[in-house]
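Q: Mind looking over this structure? Questions follow.
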4 protein chains.
Amino acid sequence: MSEYKLVRKQNRHEKTMVRVKECCIGDGDLTVIAGPCAVEEEEMTFELARALKHMGVHILRGGVFKPRTSPYSFQGLGWNGLEILAAAGQNAGLPVITEVTEAGDVEKVSRYADILQVGSRNMQNFGLLKEMGRSGRPVLLKRGFSATLEEWLLAAEYIMSAGNNQVILCERGIRTFENYTRNTFDINAIPALKRLTHLPVLADPSHGTGRRELVEPVALAAVAAGADGIMVEVHPQPENALSDGFQSLRPHELAPLINRARAVRDALHTGCVAR
Amino acid sequence: MSEYKLVRKQNRHEKTMVRVKECCIGDGDLTVIAGPCAVEEEEMTFELARALKHMGVHILRGGVFKPRTSPYSFQGLGWNGLEILAAAGQNAGLPVITEVTEAGDVEKVSRYADILQVGSRNMQNFGLLKEMGRSGRPVLLKRGFSATLEEWLLAAEYIMSAGNNQVILCERGIRTFENYTRNTFDINAIPALKRLTHLPVLADPSHGTGRRELVEPVALAAVAAGADGIMVEVHPQPENALSDGFQSLRPHELAPLINRARAVRDALHTGCVAR
Amino acid sequence: MSEYKLVRKQNRHEKTMVRVKECCIGDGDLTVIAGPCAVEEEEMTFELARALKHMGVHILRGGVFKPRTSPYSFQGLGWNGLEILAAAGQNAGLPVITEVTEAGDVEKVSRYADILQVGSRNMQNFGLLKEMGRSGRPVLLKRGFSATLEEWLLAAEYIMSAGNNQVILCERGIRTFENYTRNTFDINAIPALKRLTHLPVLADPSHGTGRRELVEPVALAAVAAGADGIMVEVHPQPENALSDGFQSLRPHELAPLINRARAVRDALHTGCVAR
Amino acid sequence: MSEYKLVRKQNRHEKTMVRVKECCIGDGDLTVIAGPCAVEEEEMTFELARALKHMGVHILRGGVFKPRTSPYSFQGLGWNGLEILAAAGQNAGLPVITEVTEAGDVEKVSRYADILQVGSRNMQNFGLLKEMGRSGRPVLLKRGFSATLEEWLLAAEYIMSAGNNQVILCERGIRTFENYTRNTFDINAIPALKRLTHLPVLADPSHGTGRRELVEPVALAAVAAGADGIMVEVHPQPENALSDGFQSLRPHELAPLINRARAVRDALHTGCVAR
């Protein structure tokens, strides 16, 4: 594919590593991002952040501008939520990531967040991508729920060609005929991307399945397939969450998941000199 | 679906008609929108506009901000292109429609264009939708290429709940496993929408098929299924078009299409007192 | 596509016409096939057949071996049902079509039915296709619900290469992410096939939509797109049907549909010397 | 889902284990099935079988009745191929599995093969399923490439309700819009099935990806997600294979895959008392 220039693995000597405070995505260790779908109360967010830090989570996630299908659904706490998220991260010693939905917000959000996220619905919002390219912040680019790998990589190319090399890809499931799960996590995408691009690749099994009981096995699968990390929704009381509760883990479910994910990661080195 | 409020057919006494200069979309007559995928040279655009007017086309379309998959593809002429489009429309006596891709551009584009288009990739760009809702201009909302009918109608609800009732829906094909055609035109969507909402429904067989030779039969199908109008890409020299040439009709192919589309429309009244 | 030999339009001088008693599919007139999803009671079937004949229906359809997703659903009346169907057709003066699901049944069913149907789930049941090729009976080949056009045409090639030229293709909707409708009727397939093959092409809007209120508009659309005929499920009491009642028309809804379908067909000749 | 009876996890006290000679599918160990897509020459098959046995493969696979999209493609060696496969298995000390495509062949194939396979295209060939149910042999049921989990489980229900409890499910990828890979391996299906049914669940990463370089990572992913085993295409000279060479591993690529798969399997027990 001749259109791949900056994203292309063969055009760069080494894998891209994205450094965020003390953590480094793509350095061979498994990165864990966790937090609530949407930032809600301040106290709850602070407590959750400390608990996550304690479990070995590297980055705190939390949505404050929520792109919702219906105009009548909870739309996130906005700037107020962003202040809560940033403060909770600082208090717990965790960098934070949040989604930006409008080009005009990129600069201001950059003052609070360590990583900017492009959500699935905005993967081809090219104005937003270009602004992300000028932000100077690492960008986590989620796959559009019906985007091909080619379209996704070219969306990353938009960000990079605007001057930003700090791009992280995140698979979060695609839309298919299957309706038992909310989306179909495209496990093939993980090793395919590792062969096509030097960018780090994360997995979001929460959106990729839409069902709490499937999050752990699919997270482990993504790690086994070569993902550089996972992003998981965690909520202290999923049954009361304002958004996506049915796919959020409870905090105590995360620690064993992380242990097993690391064990799977280690197992990949079995029997191989160079992978 | 309790979330449908303003779009819902049962909540309004009559069908919505969108009036644009002398033309009225949704009044029972067939509306024809035509023009190039992207506005290119001034002279060519003027000539084409006059030819289209002569054939009975009601509205001139032309893209100036082109959302392209690759950052290295032609991105449209921008504001300069918009001036050409507006002038060509005025010269030929045709209102014009163009796509807006960023919320920040809505106000300025509104000064030139009679109808604002939301493209497929931006169907869930909620910031753009809300700005469209405040624009005071009629909005043509294309279906996202993997959006369900429910998501599409709720996107229209975003525009309407921001204060704009002048919304037109336009089916343009969805993404499926079939690869002989660029997209699969969802013909079921036309009559389904006519039963769910009072808004007018148009069809774009150019993107819906991606192949010139299929444009006419699918246009006629959409009319037979109850579409209020069609939007067709036309280019004087498709083989030299800067974008989408393989799916653009030549001008002389449009006149017979319009004749047959009207004949099909008339045929629908056969054998029925009230439809 | 070099694999297309016998099905390929360019390899044959004229369109294939399939003659069944007094009716001829593919001769330019619109063929109408109608009847219940599954044959049920004898008296009801006889009455329905006569009513359909009276409306101008050409061929009576009725399932007796029903391939059902669950082993616990009604599986059809079997051979007894086939006798009822054949007798009802004879009584009303209509040829009959029914689905065959096993290669071993082809010969015996051929003694009762004028056309043999290959259902969507069996489109790539190659043993059945080959046996159909040896049957000497016209075969209506439904598209698999996730088959590409290429796979479908090659399935027809299986039947033809086994010695049977009397093949009719029938589009019946494909599986997509959309769940408002049972399937997505692929309208693009109609004109695409008319350009790729000399075989006649029918449309089944009952399965293609799965909703009674969408059957007529999609039937008209298929005719406008160039279909040689339509196949429609009709049941005297859809609410009591043993199978597919929600997508079956009532008998009195069919007559106006046929009138409008013919009017649409006639309208296609408007303004064109040669199409 | 009330239609699930015999397949339903909650309706049986323990997981189903399918015993085939010395190997047992579903007993907690990882089962490895490997072999060529299609059986070709006798000597090559014997050699390959011995090599596979040496690597720790449990069951030899090989197609002899190949359901091919085109009637002009290689259709398999038929009964002669089956004799070669059975002899090669016996020589190497491996049970064998092969696909049966016609109900009429089930009994005869049962005399040669230890496990009967239902291929993706025949998942809803209900006559074949019922005959499989009467065969007395273990049956490996592949998922239809566009089947929902519900349809798949009900296909298994057809086999079980005909009297055969020895059913193994095998995920092999579904059809989506993505075309970089041949299919999209549905990783979600593995843990979903483990929660819905007591039947063992295998993974076929060869068809699930269609690209040799993706087979190992997706195999490991399936194991991490809880699969009871894997089925992998192996050919001594993939570039000369008569079928599916582009997705076949070379024999020397299989041994490290098996080692790593076992290591991943072991890693799953980390940090958990009961999973």
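In the structure tokens, chains take the letters A, B, ... in the order shown, each chain's residues start at 1, and ligands count up from 1 in the order shown.
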Give me the residues of chain C that have any atom at most 8 Å from an atom of chain B; for each, the nearest atom pair and the distance in Å, rounded to one decimal. Use only C-alpha atoms, sort by chain and number, and format it as JSON lines.

A:
{"residue": "C:Ser146", "atom": "CA", "partner": "B:Phe177", "partner_atom": "CA", "distance": 7.6}
{"residue": "C:Ala147", "atom": "CA", "partner": "B:Glu178", "partner_atom": "CA", "distance": 7.9}
{"residue": "C:Thr148", "atom": "CA", "partner": "B:Glu178", "partner_atom": "CA", "distance": 5.4}
{"residue": "C:Leu149", "atom": "CA", "partner": "B:Tyr180", "partner_atom": "CA", "distance": 7.2}
{"residue": "C:Thr176", "atom": "CA", "partner": "B:Thr176", "partner_atom": "CA", "distance": 6.2}
{"residue": "C:Phe177", "atom": "CA", "partner": "B:Thr148", "partner_atom": "CA", "distance": 7.4}
{"residue": "C:Glu178", "atom": "CA", "partner": "B:Thr148", "partner_atom": "CA", "distance": 5.4}
{"residue": "C:Asn179", "atom": "CA", "partner": "B:Thr148", "partner_atom": "CA", "distance": 7.5}
{"residue": "C:Tyr180", "atom": "CA", "partner": "B:Leu149", "partner_atom": "CA", "distance": 7.2}
{"residue": "C:Thr181", "atom": "CA", "partner": "B:Asn188", "partner_atom": "CA", "distance": 7.6}
{"residue": "C:Thr184", "atom": "CA", "partner": "B:Asp186", "partner_atom": "CA", "distance": 6.4}
{"residue": "C:Phe185", "atom": "CA", "partner": "B:Asn188", "partner_atom": "CA", "distance": 6.5}
{"residue": "C:Asp186", "atom": "CA", "partner": "B:Thr184", "partner_atom": "CA", "distance": 6.4}
{"residue": "C:Ile187", "atom": "CA", "partner": "B:Ile187", "partner_atom": "CA", "distance": 6.3}
{"residue": "C:Asn188", "atom": "CA", "partner": "B:Val218", "partner_atom": "CA", "distance": 6.5}
{"residue": "C:Pro191", "atom": "CA", "partner": "B:Leu214", "partner_atom": "CA", "distance": 6.2}
{"residue": "C:Ala192", "atom": "CA", "partner": "B:Leu214", "partner_atom": "CA", "distance": 6.8}
{"residue": "C:Thr209", "atom": "CA", "partner": "B:Asn188", "partner_atom": "CA", "distance": 6.5}
{"residue": "C:Leu214", "atom": "CA", "partner": "B:Pro191", "partner_atom": "CA", "distance": 6.2}
{"residue": "C:Pro217", "atom": "CA", "partner": "B:Ala225", "partner_atom": "CA", "distance": 4.4}
{"residue": "C:Val218", "atom": "CA", "partner": "B:Ala225", "partner_atom": "CA", "distance": 5.8}
{"residue": "C:Leu220", "atom": "CA", "partner": "B:Ala224", "partner_atom": "CA", "distance": 5.5}
{"residue": "C:Ala221", "atom": "CA", "partner": "B:Ala221", "partner_atom": "CA", "distance": 3.9}
{"residue": "C:Ala222", "atom": "CA", "partner": "B:Ala221", "partner_atom": "CA", "distance": 6.2}
{"residue": "C:Val223", "atom": "CA", "partner": "B:Ala221", "partner_atom": "CA", "distance": 7.4}
{"residue": "C:Ala224", "atom": "CA", "partner": "B:Ala221", "partner_atom": "CA", "distance": 4.9}
{"residue": "C:Ala225", "atom": "CA", "partner": "B:Pro217", "partner_atom": "CA", "distance": 4.4}
{"residue": "C:Gly226", "atom": "CA", "partner": "B:Pro217", "partner_atom": "CA", "distance": 7.0}
{"residue": "C:Pro256", "atom": "CA", "partner": "B:Gly271", "partner_atom": "CA", "distance": 6.0}
{"residue": "C:Asn259", "atom": "CA", "partner": "B:Gly271", "partner_atom": "CA", "distance": 6.3}
{"residue": "C:Arg260", "atom": "CA", "partner": "B:Thr270", "partner_atom": "CA", "distance": 5.6}
{"residue": "C:Ala263", "atom": "CA", "partner": "B:Ala267", "partner_atom": "CA", "distance": 5.2}
{"residue": "C:Val264", "atom": "CA", "partner": "B:Ala267", "partner_atom": "CA", "distance": 5.4}
{"residue": "C:Ala267", "atom": "CA", "partner": "B:Ala263", "partner_atom": "CA", "distance": 5.2}
{"residue": "C:Leu268", "atom": "CA", "partner": "B:Arg260", "partner_atom": "CA", "distance": 6.0}
{"residue": "C:His269", "atom": "CA", "partner": "B:Arg260", "partner_atom": "CA", "distance": 7.5}
{"residue": "C:Thr270", "atom": "CA", "partner": "B:Arg260", "partner_atom": "CA", "distance": 5.6}
{"residue": "C:Gly271", "atom": "CA", "partner": "B:Pro256", "partner_atom": "CA", "distance": 6.0}
{"residue": "C:Cys272", "atom": "CA", "partner": "B:Pro256", "partner_atom": "CA", "distance": 6.9}

Q: Output N, CA and C atoms for every residue in that selection, as a tab-separated table (two decimals), in the first residue's frame.

A:
chain	number	residue	atom	x	y	z
C	146	SER	N	-25.10	-14.89	3.11
C	146	SER	CA	-23.81	-14.18	3.19
C	146	SER	C	-22.93	-14.52	2.00
C	147	ALA	N	-23.54	-14.82	0.89
C	147	ALA	CA	-22.76	-15.16	-0.30
C	147	ALA	C	-22.47	-13.91	-1.11
C	148	THR	N	-21.27	-13.84	-1.66
C	148	THR	CA	-20.95	-12.78	-2.61
C	148	THR	C	-21.61	-13.12	-3.95
C	149	LEU	N	-21.69	-12.12	-4.82
C	149	LEU	CA	-22.22	-12.37	-6.16
C	149	LEU	C	-21.40	-13.44	-6.86
C	176	THR	N	-26.46	-8.31	7.52
C	176	THR	CA	-25.62	-7.15	7.83
C	176	THR	C	-25.81	-6.81	9.31
C	177	PHE	N	-25.21	-5.72	9.73
C	177	PHE	CA	-25.35	-5.28	11.12
C	177	PHE	C	-26.74	-4.70	11.40
C	178	GLU	N	-27.48	-4.30	10.36
C	178	GLU	CA	-28.79	-3.67	10.58
C	178	GLU	C	-29.76	-4.68	11.17
C	179	ASN	N	-30.45	-4.33	12.23
C	179	ASN	CA	-31.35	-5.31	12.83
C	179	ASN	C	-32.81	-4.85	12.89
C	180	TYR	N	-33.09	-3.71	12.28
C	180	TYR	CA	-34.50	-3.31	12.19
C	180	TYR	C	-35.22	-4.23	11.21
C	181	THR	N	-34.49	-4.62	10.16
C	181	THR	CA	-35.01	-5.56	9.18
C	181	THR	C	-34.33	-6.92	9.39
C	184	THR	N	-30.93	-7.50	4.78
C	184	THR	CA	-30.83	-6.30	3.95
C	184	THR	C	-30.96	-6.73	2.49
C	185	PHE	N	-32.07	-6.35	1.86
C	185	PHE	CA	-32.25	-6.72	0.45
C	185	PHE	C	-31.18	-6.01	-0.37
C	186	ASP	N	-30.39	-6.78	-1.11
C	186	ASP	CA	-29.28	-6.17	-1.87
C	186	ASP	C	-29.77	-5.76	-3.25
C	187	ILE	N	-30.29	-4.56	-3.33
C	187	ILE	CA	-30.86	-4.08	-4.59
C	187	ILE	C	-29.78	-3.97	-5.66
C	188	ASN	N	-28.55	-3.65	-5.28
C	188	ASN	CA	-27.46	-3.56	-6.25
C	188	ASN	C	-27.29	-4.86	-7.03
C	191	PRO	N	-29.28	-5.23	-10.80
C	191	PRO	CA	-28.66	-4.78	-12.05
C	191	PRO	C	-27.26	-5.36	-12.26
C	192	ALA	N	-26.54	-5.65	-11.17
C	192	ALA	CA	-25.21	-6.23	-11.34
C	192	ALA	C	-25.33	-7.58	-12.04
C	209	THR	N	-36.80	-8.47	3.54
C	209	THR	CA	-37.10	-7.43	4.53
C	209	THR	C	-37.50	-8.04	5.87
C	214	LEU	N	-42.93	-3.65	4.52
C	214	LEU	CA	-41.86	-3.26	3.59
C	214	LEU	C	-41.87	-4.10	2.32
C	217	PRO	N	-43.05	-1.97	-1.14
C	217	PRO	CA	-42.06	-1.01	-1.68
C	217	PRO	C	-40.78	-1.66	-2.17
C	218	VAL	N	-40.32	-2.70	-1.51
C	218	VAL	CA	-39.08	-3.34	-1.95
C	218	VAL	C	-39.34	-4.20	-3.20
C	220	LEU	N	-41.46	-3.36	-5.53
C	220	LEU	CA	-41.49	-2.36	-6.62
C	220	LEU	C	-40.07	-1.91	-6.97
C	221	ALA	N	-39.25	-1.74	-5.94
C	221	ALA	CA	-37.86	-1.34	-6.16
C	221	ALA	C	-37.13	-2.37	-7.01
C	222	ALA	N	-37.33	-3.64	-6.69
C	222	ALA	CA	-36.65	-4.70	-7.42
C	222	ALA	C	-37.07	-4.68	-8.89
C	223	VAL	N	-38.35	-4.44	-9.13
C	223	VAL	CA	-38.84	-4.37	-10.50
C	223	VAL	C	-38.21	-3.18	-11.22
C	224	ALA	N	-38.16	-2.05	-10.53
C	224	ALA	CA	-37.55	-0.86	-11.13
C	224	ALA	C	-36.08	-1.08	-11.44
C	225	ALA	N	-35.43	-1.91	-10.64
C	225	ALA	CA	-34.00	-2.17	-10.85
C	225	ALA	C	-33.76	-3.21	-11.94
C	226	GLY	N	-34.86	-3.79	-12.46
C	226	GLY	CA	-34.70	-4.70	-13.59
C	226	GLY	C	-35.00	-6.16	-13.32
C	256	PRO	N	-53.13	-5.26	-5.56
C	256	PRO	CA	-52.62	-3.91	-5.89
C	256	PRO	C	-51.11	-3.90	-6.06
C	259	ASN	N	-50.46	-4.91	-9.60
C	259	ASN	CA	-50.80	-3.81	-10.52
C	259	ASN	C	-49.69	-2.77	-10.55
C	260	ARG	N	-49.25	-2.36	-9.38
C	260	ARG	CA	-48.22	-1.32	-9.33
C	260	ARG	C	-46.89	-1.84	-9.87
C	263	ALA	N	-47.06	-1.57	-13.51
C	263	ALA	CA	-46.98	-0.17	-13.93
C	263	ALA	C	-45.53	0.32	-13.85
C	264	VAL	N	-44.81	-0.08	-12.82
C	264	VAL	CA	-43.40	0.30	-12.70
C	264	VAL	C	-42.61	-0.31	-13.86
C	267	ALA	N	-43.11	1.60	-16.89
C	267	ALA	CA	-42.50	2.94	-16.82
C	267	ALA	C	-41.03	2.91	-17.21
C	268	LEU	N	-40.41	1.75	-17.07
C	268	LEU	CA	-38.98	1.67	-17.38
C	268	LEU	C	-38.69	1.94	-18.85
C	269	HIS	N	-39.70	1.74	-19.68
C	269	HIS	CA	-39.47	1.94	-21.12
C	269	HIS	C	-39.58	3.40	-21.52
C	270	THR	N	-40.00	4.24	-20.60
C	270	THR	CA	-40.13	5.68	-20.87
C	270	THR	C	-38.81	6.30	-21.32
C	271	GLY	N	-38.88	7.03	-22.38
C	271	GLY	CA	-37.74	7.87	-22.74
C	271	GLY	C	-36.50	7.12	-23.19
C	272	CYS	N	-36.65	5.83	-23.49
C	272	CYS	CA	-35.45	5.12	-23.95
C	272	CYS	C	-35.78	4.37	-25.23

Q: Write out as an MDAnalysis selection string which residues come within 6 Å of segment 162-164 of chain C when counting only C-alpha atoms, dropping same-chain ones fewer than 3 positions away.

A: chainID C and resid 130 133 159

Q: Take the residues just selected and output them with all heavy atoms as a PDB file, in the first residue's frame.

A:
ATOM      1  N   LYS C 130     -25.325 -30.398  -7.745  1.00  0.00           N
ATOM      2  CA  LYS C 130     -25.031 -31.318  -8.856  1.00  0.00           C
ATOM      3  C   LYS C 130     -26.238 -32.186  -9.182  1.00  0.00           C
ATOM      4  O   LYS C 130     -26.552 -32.422 -10.337  1.00  0.00           O
ATOM      5  CB  LYS C 130     -23.811 -32.183  -8.500  1.00  0.00           C
ATOM      6  CG  LYS C 130     -22.486 -31.418  -8.562  1.00  0.00           C
ATOM      7  CD  LYS C 130     -21.318 -32.348  -8.215  1.00  0.00           C
ATOM      8  CE  LYS C 130     -20.238 -31.623  -7.440  1.00  0.00           C
ATOM      9  NZ  LYS C 130     -19.323 -32.539  -6.729  1.00  0.00           N
ATOM     10  N   GLY C 133     -28.555 -30.359 -11.092  1.00  0.00           N
ATOM     11  CA  GLY C 133     -28.078 -30.262 -12.467  1.00  0.00           C
ATOM     12  C   GLY C 133     -28.475 -31.460 -13.317  1.00  0.00           C
ATOM     13  O   GLY C 133     -28.579 -31.364 -14.539  1.00  0.00           O
ATOM     14  N   ILE C 159     -24.652 -26.061 -11.146  1.00  0.00           N
ATOM     15  CA  ILE C 159     -25.866 -26.669 -11.687  1.00  0.00           C
ATOM     16  C   ILE C 159     -25.753 -26.794 -13.207  1.00  0.00           C
ATOM     17  O   ILE C 159     -26.051 -27.839 -13.791  1.00  0.00           O
ATOM     18  CB  ILE C 159     -27.113 -25.823 -11.328  1.00  0.00           C
ATOM     19  CG1 ILE C 159     -27.253 -25.734  -9.803  1.00  0.00           C
ATOM     20  CG2 ILE C 159     -28.368 -26.410 -11.953  1.00  0.00           C
ATOM     21  CD1 ILE C 159     -28.311 -24.743  -9.333  1.00  0.00           C
TER      22      ILE C 159
END

Q: Need to verify the contact set: Leu202 of chain C, 7 Å, only C-alpha atoms, exclusion of same-chain residues closer than 6 positions in sequence. Can you return it as a ChimeraX atom specification?

A: /C:169-171,227-230

Q: Given the selection you just returned, output its residues as a file containing N, CA and C atoms, formatted as a PDB file, in the first residue's frame.

A:
ATOM      1  N   LEU C 169     -32.047 -17.136 -10.830  1.00  0.00           N
ATOM      2  CA  LEU C 169     -31.428 -16.614  -9.613  1.00  0.00           C
ATOM      3  C   LEU C 169     -32.463 -15.827  -8.814  1.00  0.00           C
ATOM      4  N   CYS C 170     -32.405 -15.908  -7.495  1.00  0.00           N
ATOM      5  CA  CYS C 170     -33.356 -15.155  -6.671  1.00  0.00           C
ATOM      6  C   CYS C 170     -32.665 -14.500  -5.481  1.00  0.00           C
ATOM      7  N   GLU C 171     -32.607 -13.168  -5.506  1.00  0.00           N
ATOM      8  CA  GLU C 171     -32.034 -12.396  -4.389  1.00  0.00           C
ATOM      9  C   GLU C 171     -33.045 -12.371  -3.251  1.00  0.00           C
ATOM     10  N   ALA C 227     -35.552  -6.491 -12.160  1.00  0.00           N
ATOM     11  CA  ALA C 227     -35.851  -7.898 -11.866  1.00  0.00           C
ATOM     12  C   ALA C 227     -36.861  -8.455 -12.860  1.00  0.00           C
ATOM     13  N   ASP C 228     -36.709  -9.745 -13.178  1.00  0.00           N
ATOM     14  CA  ASP C 228     -37.620 -10.410 -14.102  1.00  0.00           C
ATOM     15  C   ASP C 228     -38.896 -10.867 -13.412  1.00  0.00           C
ATOM     16  N   GLY C 229     -38.914 -10.786 -12.090  1.00  0.00           N
ATOM     17  CA  GLY C 229     -40.109 -11.217 -11.391  1.00  0.00           C
ATOM     18  C   GLY C 229     -39.920 -11.120  -9.905  1.00  0.00           C
ATOM     19  N   ILE C 230     -40.980 -11.445  -9.181  1.00  0.00           N
ATOM     20  CA  ILE C 230     -40.944 -11.392  -7.718  1.00  0.00           C
ATOM     21  C   ILE C 230     -41.542 -12.666  -7.138  1.00  0.00           C
TER      22      ILE C 230
END

Q: Write out as a PyMOL selection string all residues of segment 114-268 of chain B that backbone DSSP assigns to alpha helix (DSSP H).

A: chain B and resi 126-133+149-161+189-196+205-209+212-224+251-267

Q: I'd like the interatomic distance between atom CA of Val100 of chain C and atom CA of Ala103 of chain D, to a tenth of an Å.

A: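 Pair atom CA of Val100 of chain C / atom CA of Ala103 of chain D returns 14.1 Å.
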